[in-house]
Amino acid sequence: MPLITRIFLKTGLLYFIGALFVGVALQVDFLGIPNLIPLFWHMLMLGWITQIIFGVSLWMFPGRIKEESFQNQKWSWLTYILLNSGLILRLISEPMIIQSVNYLWKVLLTVSAILQFVAVICYVIEIWPRVLSIKQRRKKKRANS
Amino acid sequence: MILLINKALNFEPVIWIFLPVHIEFMIFGWIIQFTLGVAHWMLPRFLVGEPRGQTFLAYLMVFVLNLGIWLFILAELRDVSNTLRLIARSLELVGVLLFASLHWKRVVTYNRRKTTKA
């Protein structure tokens, strides 16, 4: 299992636990943080589900370069960095747009949306050429050798 | 399906009480449970001892997660106090903590090769 997959899975596990904590907090409202419902669903669906789908597909899909380096897995690493910085920014700014009239929070939320979108683009760039049939894989192997 | 038809034709507004049930079943009952099951099956197994960790804890994880799901659905349908919802979400949290503790050490690589190309 490559390092990037391990990082995706372990980060996903932390979001998974965090999401369920938020789920419990939603029922008792002890945190007093507004806008928790979208945070709960996004920690679950992006922080956990999307992140493990990304991690496992980067590991399992054919055509992976097994030599570990940032250069060899640059699109995967960019996906990880952008997705998680976007998510963290969202976790901070989403409650704040309710609590504060400061325009900065709206800007940060927009930046978070853009970061997450660009992360998905990076993932598509990495995974698109790796969606191959066995026939296509053999053809590619022959062409490379 | 019934919810979607009702959205299109609006034949019975009461059906909307099933929306949270639908969400709970689809997200926790299906997608999340599916990922947990596949992860339990596919992640690298331990080289010594039980290959997938303690079987009893794995079954306990499934049990508490599903108990949480059903209690949450019951709370949504009966519109009872938040206490039942809190218990339900807490049980799901316990399930997730069990999952994390069972699988954290299985997120590893046993492959130490450095320079092979797929």
# chains A, B, ... in the order shown; residues from 1 in each chain; ligands from 1
call {"tool": "residues_around", "arguments": {"residues": "Trp41 of chain B", "least_positions_apart": "6", "cutoff": "12 Å", "atoms": "only C-alpha atoms", "output": "list in words"}}
result
Phe34, Thr35, Pro51, Arg52, Gly53, Ala58, His103 and Arg106 of chain B
call {"tool": "interface_residues", "arguments": {"of": "chain B", "to": "chain A", "cutoff": "9 Å", "atoms": "only C-alpha atoms", "output": "PDB file with N, CA, C and O atoms, in the first residue's frame"}}
result
ATOM      1  N   ILE B  27     -27.021   6.700   3.820  1.00  0.00           N
ATOM      2  CA  ILE B  27     -25.666   7.129   4.195  1.00  0.00           C
ATOM      3  C   ILE B  27     -25.025   6.150   5.185  1.00  0.00           C
ATOM      4  O   ILE B  27     -23.938   5.628   4.938  1.00  0.00           O
ATOM      5  N   ILE B  31     -23.873   3.288   2.395  1.00  0.00           N
ATOM      6  CA  ILE B  31     -22.531   3.710   1.948  1.00  0.00           C
ATOM      7  C   ILE B  31     -21.475   3.486   3.036  1.00  0.00           C
ATOM      8  O   ILE B  31     -20.427   2.890   2.785  1.00  0.00           O
ATOM      9  N   ILE B  32     -21.765   3.947   4.240  1.00  0.00           N
ATOM     10  CA  ILE B  32     -20.748   3.834   5.289  1.00  0.00           C
ATOM     11  C   ILE B  32     -20.515   2.368   5.661  1.00  0.00           C
ATOM     12  O   ILE B  32     -19.382   1.909   5.749  1.00  0.00           O
ATOM     13  N   THR B  35     -18.390   0.705   3.060  1.00  0.00           N
ATOM     14  CA  THR B  35     -16.956   1.030   3.126  1.00  0.00           C
ATOM     15  C   THR B  35     -16.290   0.298   4.302  1.00  0.00           C
ATOM     16  O   THR B  35     -15.165  -0.176   4.176  1.00  0.00           O
ATOM     17  N   LEU B  43      -8.109  -4.531   3.641  1.00  0.00           N
ATOM     18  CA  LEU B  43      -6.877  -3.955   4.186  1.00  0.00           C
ATOM     19  C   LEU B  43      -5.873  -5.069   4.508  1.00  0.00           C
ATOM     20  O   LEU B  43      -6.288  -6.198   4.806  1.00  0.00           O
ATOM     21  N   PRO B  44      -4.584  -4.771   4.422  1.00  0.00           N
ATOM     22  CA  PRO B  44      -3.578  -5.810   4.689  1.00  0.00           C
ATOM     23  C   PRO B  44      -3.819  -6.474   6.040  1.00  0.00           C
ATOM     24  O   PRO B  44      -4.135  -5.794   7.018  1.00  0.00           O
ATOM     25  N   ASN B  82     -34.719  14.295  22.117  1.00  0.00           N
ATOM     26  CA  ASN B  82     -33.366  14.203  21.571  1.00  0.00           C
ATOM     27  C   ASN B  82     -32.508  13.166  22.270  1.00  0.00           C
ATOM     28  O   ASN B  82     -31.446  12.815  21.768  1.00  0.00           O
ATOM     29  N   THR B  83     -32.981  12.664  23.434  1.00  0.00           N
ATOM     30  CA  THR B  83     -32.169  11.691  24.184  1.00  0.00           C
ATOM     31  C   THR B  83     -31.930  10.439  23.349  1.00  0.00           C
ATOM     32  O   THR B  83     -30.810   9.924  23.305  1.00  0.00           O
ATOM     33  N   ARG B  85     -32.024  10.189  20.102  1.00  0.00           N
ATOM     34  CA  ARG B  85     -31.124  10.531  18.986  1.00  0.00           C
ATOM     35  C   ARG B  85     -29.676  10.575  19.477  1.00  0.00           C
ATOM     36  O   ARG B  85     -28.763  10.126  18.794  1.00  0.00           O
ATOM     37  N   LEU B  86     -29.501  11.129  20.677  1.00  0.00           N
ATOM     38  CA  LEU B  86     -28.158  11.215  21.264  1.00  0.00           C
ATOM     39  C   LEU B  86     -27.589   9.820  21.509  1.00  0.00           C
ATOM     40  O   LEU B  86     -26.430   9.541  21.175  1.00  0.00           O
ATOM     41  N   ILE B  87     -28.425   8.932  22.067  1.00  0.00           N
ATOM     42  CA  ILE B  87     -27.962   7.551  22.315  1.00  0.00           C
ATOM     43  C   ILE B  87     -27.606   6.882  20.986  1.00  0.00           C
ATOM     44  O   ILE B  87     -26.560   6.229  20.859  1.00  0.00           O
ATOM     45  N   ALA B  88     -28.472   7.105  19.973  1.00  0.00           N
ATOM     46  CA  ALA B  88     -28.249   6.484  18.661  1.00  0.00           C
ATOM     47  C   ALA B  88     -26.929   6.961  18.051  1.00  0.00           C
ATOM     48  O   ALA B  88     -26.105   6.150  17.621  1.00  0.00           O
ATOM     49  N   ARG B  89     -26.725   8.268  18.032  1.00  0.00           N
ATOM     50  CA  ARG B  89     -25.481   8.795  17.454  1.00  0.00           C
ATOM     51  C   ARG B  89     -24.264   8.352  18.285  1.00  0.00           C
ATOM     52  O   ARG B  89     -23.192   8.109  17.729  1.00  0.00           O
ATOM     53  N   SER B  90     -24.445   8.244  19.611  1.00  0.00           N
ATOM     54  CA  SER B  90     -23.328   7.799  20.464  1.00  0.00           C
ATOM     55  C   SER B  90     -22.959   6.354  20.138  1.00  0.00           C
ATOM     56  O   SER B  90     -21.771   6.004  20.101  1.00  0.00           O
ATOM     57  N   GLU B  92     -23.379   4.912  17.253  1.00  0.00           N
ATOM     58  CA  GLU B  92     -22.669   4.948  15.963  1.00  0.00           C
ATOM     59  C   GLU B  92     -21.223   5.391  16.172  1.00  0.00           C
ATOM     60  O   GLU B  92     -20.303   4.858  15.544  1.00  0.00           O
ATOM     61  N   LEU B  93     -21.036   6.362  17.067  1.00  0.00           N
ATOM     62  CA  LEU B  93     -19.676   6.827  17.379  1.00  0.00           C
ATOM     63  C   LEU B  93     -18.839   5.688  17.968  1.00  0.00           C
ATOM     64  O   LEU B  93     -17.683   5.499  17.582  1.00  0.00           O
ATOM     65  N   VAL B  94     -19.444   4.898  18.863  1.00  0.00           N
ATOM     66  CA  VAL B  94     -18.716   3.756  19.439  1.00  0.00           C
ATOM     67  C   VAL B  94     -18.327   2.770  18.334  1.00  0.00           C
ATOM     68  O   VAL B  94     -17.196   2.263  18.297  1.00  0.00           O
ATOM     69  N   VAL B  96     -17.742   3.491  15.225  1.00  0.00           N
ATOM     70  CA  VAL B  96     -16.654   4.088  14.446  1.00  0.00           C
ATOM     71  C   VAL B  96     -15.332   4.014  15.218  1.00  0.00           C
ATOM     72  O   VAL B  96     -14.278   3.730  14.638  1.00  0.00           O
ATOM     73  N   LEU B  97     -15.392   4.237  16.531  1.00  0.00           N
ATOM     74  CA  LEU B  97     -14.169   4.140  17.334  1.00  0.00           C
ATOM     75  C   LEU B  97     -13.629   2.699  17.321  1.00  0.00           C
ATOM     76  O   LEU B  97     -12.426   2.488  17.225  1.00  0.00           O
ATOM     77  N   PHE B  99     -14.118   0.599  14.883  1.00  0.00           N
ATOM     78  CA  PHE B  99     -13.567   0.401  13.536  1.00  0.00           C
ATOM     79  C   PHE B  99     -12.156   0.988  13.450  1.00  0.00           C
ATOM     80  O   PHE B  99     -11.229   0.340  12.948  1.00  0.00           O
ATOM     81  N   ALA B 100     -12.002   2.219  13.946  1.00  0.00           N
ATOM     82  CA  ALA B 100     -10.689   2.875  13.876  1.00  0.00           C
ATOM     83  C   ALA B 100      -9.646   2.090  14.669  1.00  0.00           C
ATOM     84  O   ALA B 100      -8.521   1.883  14.201  1.00  0.00           O
ATOM     85  N   TRP B 104      -6.631   0.765  12.393  1.00  0.00           N
ATOM     86  CA  TRP B 104      -5.549   1.757  12.315  1.00  0.00           C
ATOM     87  C   TRP B 104      -4.208   1.079  11.979  1.00  0.00           C
ATOM     88  O   TRP B 104      -3.474   1.537  11.113  1.00  0.00           O
ATOM     89  N   VAL B 107      -3.492  -0.237   8.306  1.00  0.00           N
ATOM     90  CA  VAL B 107      -3.155   0.685   7.208  1.00  0.00           C
ATOM     91  C   VAL B 107      -1.627   0.738   7.148  1.00  0.00           C
ATOM     92  O   VAL B 107      -0.991   1.642   7.672  1.00  0.00           O
ATOM     93  N   VAL B 108      -1.054  -0.302   6.533  1.00  0.00           N
ATOM     94  CA  VAL B 108       0.408  -0.449   6.464  1.00  0.00           C
ATOM     95  C   VAL B 108       0.808  -0.966   5.093  1.00  0.00           C
ATOM     96  O   VAL B 108      -0.033  -1.349   4.292  1.00  0.00           O
ATOM     97  N   THR B 109       2.105  -0.982   4.858  1.00  0.00           N
ATOM     98  CA  THR B 109       2.600  -1.678   3.679  1.00  0.00           C
ATOM     99  C   THR B 109       3.599  -2.737   4.130  1.00  0.00           C
ATOM    100  O   THR B 109       4.381  -2.498   5.053  1.00  0.00           O
ATOM    101  N   TYR B 110       3.513  -3.914   3.514  1.00  0.00           N
ATOM    102  CA  TYR B 110       4.523  -4.950   3.778  1.00  0.00           C
ATOM    103  C   TYR B 110       5.521  -5.011   2.636  1.00  0.00           C
ATOM    104  O   TYR B 110       6.410  -5.833   2.610  1.00  0.00           O
ATOM    105  N   ASN B 111       5.299  -4.132   1.636  1.00  0.00           N
ATOM    106  CA  ASN B 111       6.151  -4.124   0.445  1.00  0.00           C
ATOM    107  C   ASN B 111       7.281  -3.129   0.642  1.00  0.00           C
ATOM    108  O   ASN B 111       7.046  -1.932   0.726  1.00  0.00           O
ATOM    109  N   ARG B 113       9.893  -2.951  -1.534  1.00  0.00           N
ATOM    110  CA  ARG B 113      10.593  -2.685  -2.796  1.00  0.00           C
ATOM    111  C   ARG B 113      10.574  -1.194  -3.086  1.00  0.00           C
ATOM    112  O   ARG B 113       9.615  -0.511  -2.784  1.00  0.00           O
ATOM    113  N   LYS B 114      11.631  -0.721  -3.729  1.00  0.00           N
ATOM    114  CA  LYS B 114      11.715   0.717  -3.970  1.00  0.00           C
ATOM    115  C   LYS B 114      11.574   1.086  -5.441  1.00  0.00           C
ATOM    116  O   LYS B 114      11.055   2.138  -5.777  1.00  0.00           O
ATOM    117  N   THR B 115      12.065   0.245  -6.327  1.00  0.00           N
ATOM    118  CA  THR B 115      12.162   0.706  -7.711  1.00  0.00           C
ATOM    119  C   THR B 115      11.562  -0.254  -8.723  1.00  0.00           C
ATOM    120  O   THR B 115      12.240  -0.763  -9.596  1.00  0.00           O
ATOM    121  N   THR B 116      10.277  -0.518  -8.587  1.00  0.00           N
ATOM    122  CA  THR B 116       9.618  -1.303  -9.628  1.00  0.00           C
ATOM    123  C   THR B 116       8.541  -0.465 -10.250  1.00  0.00           C
ATOM    124  O   THR B 116       7.940   0.369  -9.601  1.00  0.00           O
ATOM    125  N   LYS B 117       8.311  -0.705 -11.523  1.00  0.00           N
ATOM    126  CA  LYS B 117       7.295   0.052 -12.232  1.00  0.00           C
ATOM    127  C   LYS B 117       6.116  -0.858 -12.530  1.00  0.00           C
ATOM    128  O   LYS B 117       6.324  -2.015 -12.903  1.00  0.00           O
ATOM    129  N   ALA B 118       4.892  -0.355 -12.340  1.00  0.00           N
ATOM    130  CA  ALA B 118       3.709  -1.197 -12.566  1.00  0.00           C
ATOM    131  C   ALA B 118       3.530  -1.479 -14.052  1.00  0.00           C
ATOM    132  O   ALA B 118       3.819  -0.636 -14.854  1.00  0.00           O
TER     133      ALA B 118
END
call {"tool": "residues_around", "arguments": {"residues": "segment 102-118 of chain A", "least_positions_apart": "5", "cutoff": "8 Å", "atoms": "only C-alpha atoms", "output": "list in words"}}
result
Thr79, Leu82, Leu83, Asn84, Ser85, Gly86, Leu87, Leu89, Arg90, Ser93, Glu94, Met96 and Ile97 of chain A
call {"tool": "select_by_dssp", "arguments": {"residues": "chain A", "states": "alpha helix (DSSP H)", "output": "PyMOL selection string"}}
result
chain A and resi 3-28+36-42+51-60+74-99+103-127+134-144
call {"tool": "atom_distance", "arguments": {"atom1": "atom CA of Trp75 of chain A", "atom2": "atom CA of Tyr123 of chain A"}}
result
6.5 Å
call {"tool": "residues_around", "arguments": {"residues": "segment 70-75 of chain B", "least_positions_apart": "3", "cutoff": "6 Å", "atoms": "only C-alpha atoms", "output": "PyMOL selection string"}}
result
chain B and resi 21+67+78-80+85+88
call {"tool": "write_last_selection", "arguments": {"atoms": "C-alpha atoms", "output": "mmCIF file, in the first residue's frame"}}
result
data_model
loop_
_atom_site.group_PDB
_atom_site.id
_atom_site.type_symbol
_atom_site.label_atom_id
_atom_site.label_comp_id
_atom_site.auth_asym_id
_atom_site.auth_seq_id
_atom_site.Cartn_x
_atom_site.Cartn_y
_atom_site.Cartn_z
ATOM 1 C CA VAL B 21 -35.174 7.626 7.345
ATOM 2 C CA LEU B 67 -28.299 -0.598 16.703
ATOM 3 C CA ARG B 78 -41.713 8.625 16.583
ATOM 4 C CA ASP B 79 -40.401 12.192 16.962
ATOM 5 C CA VAL B 80 -39.294 11.390 20.497
ATOM 6 C CA ARG B 85 -31.124 10.531 18.986
ATOM 7 C CA ALA B 88 -28.249 6.484 18.661
#
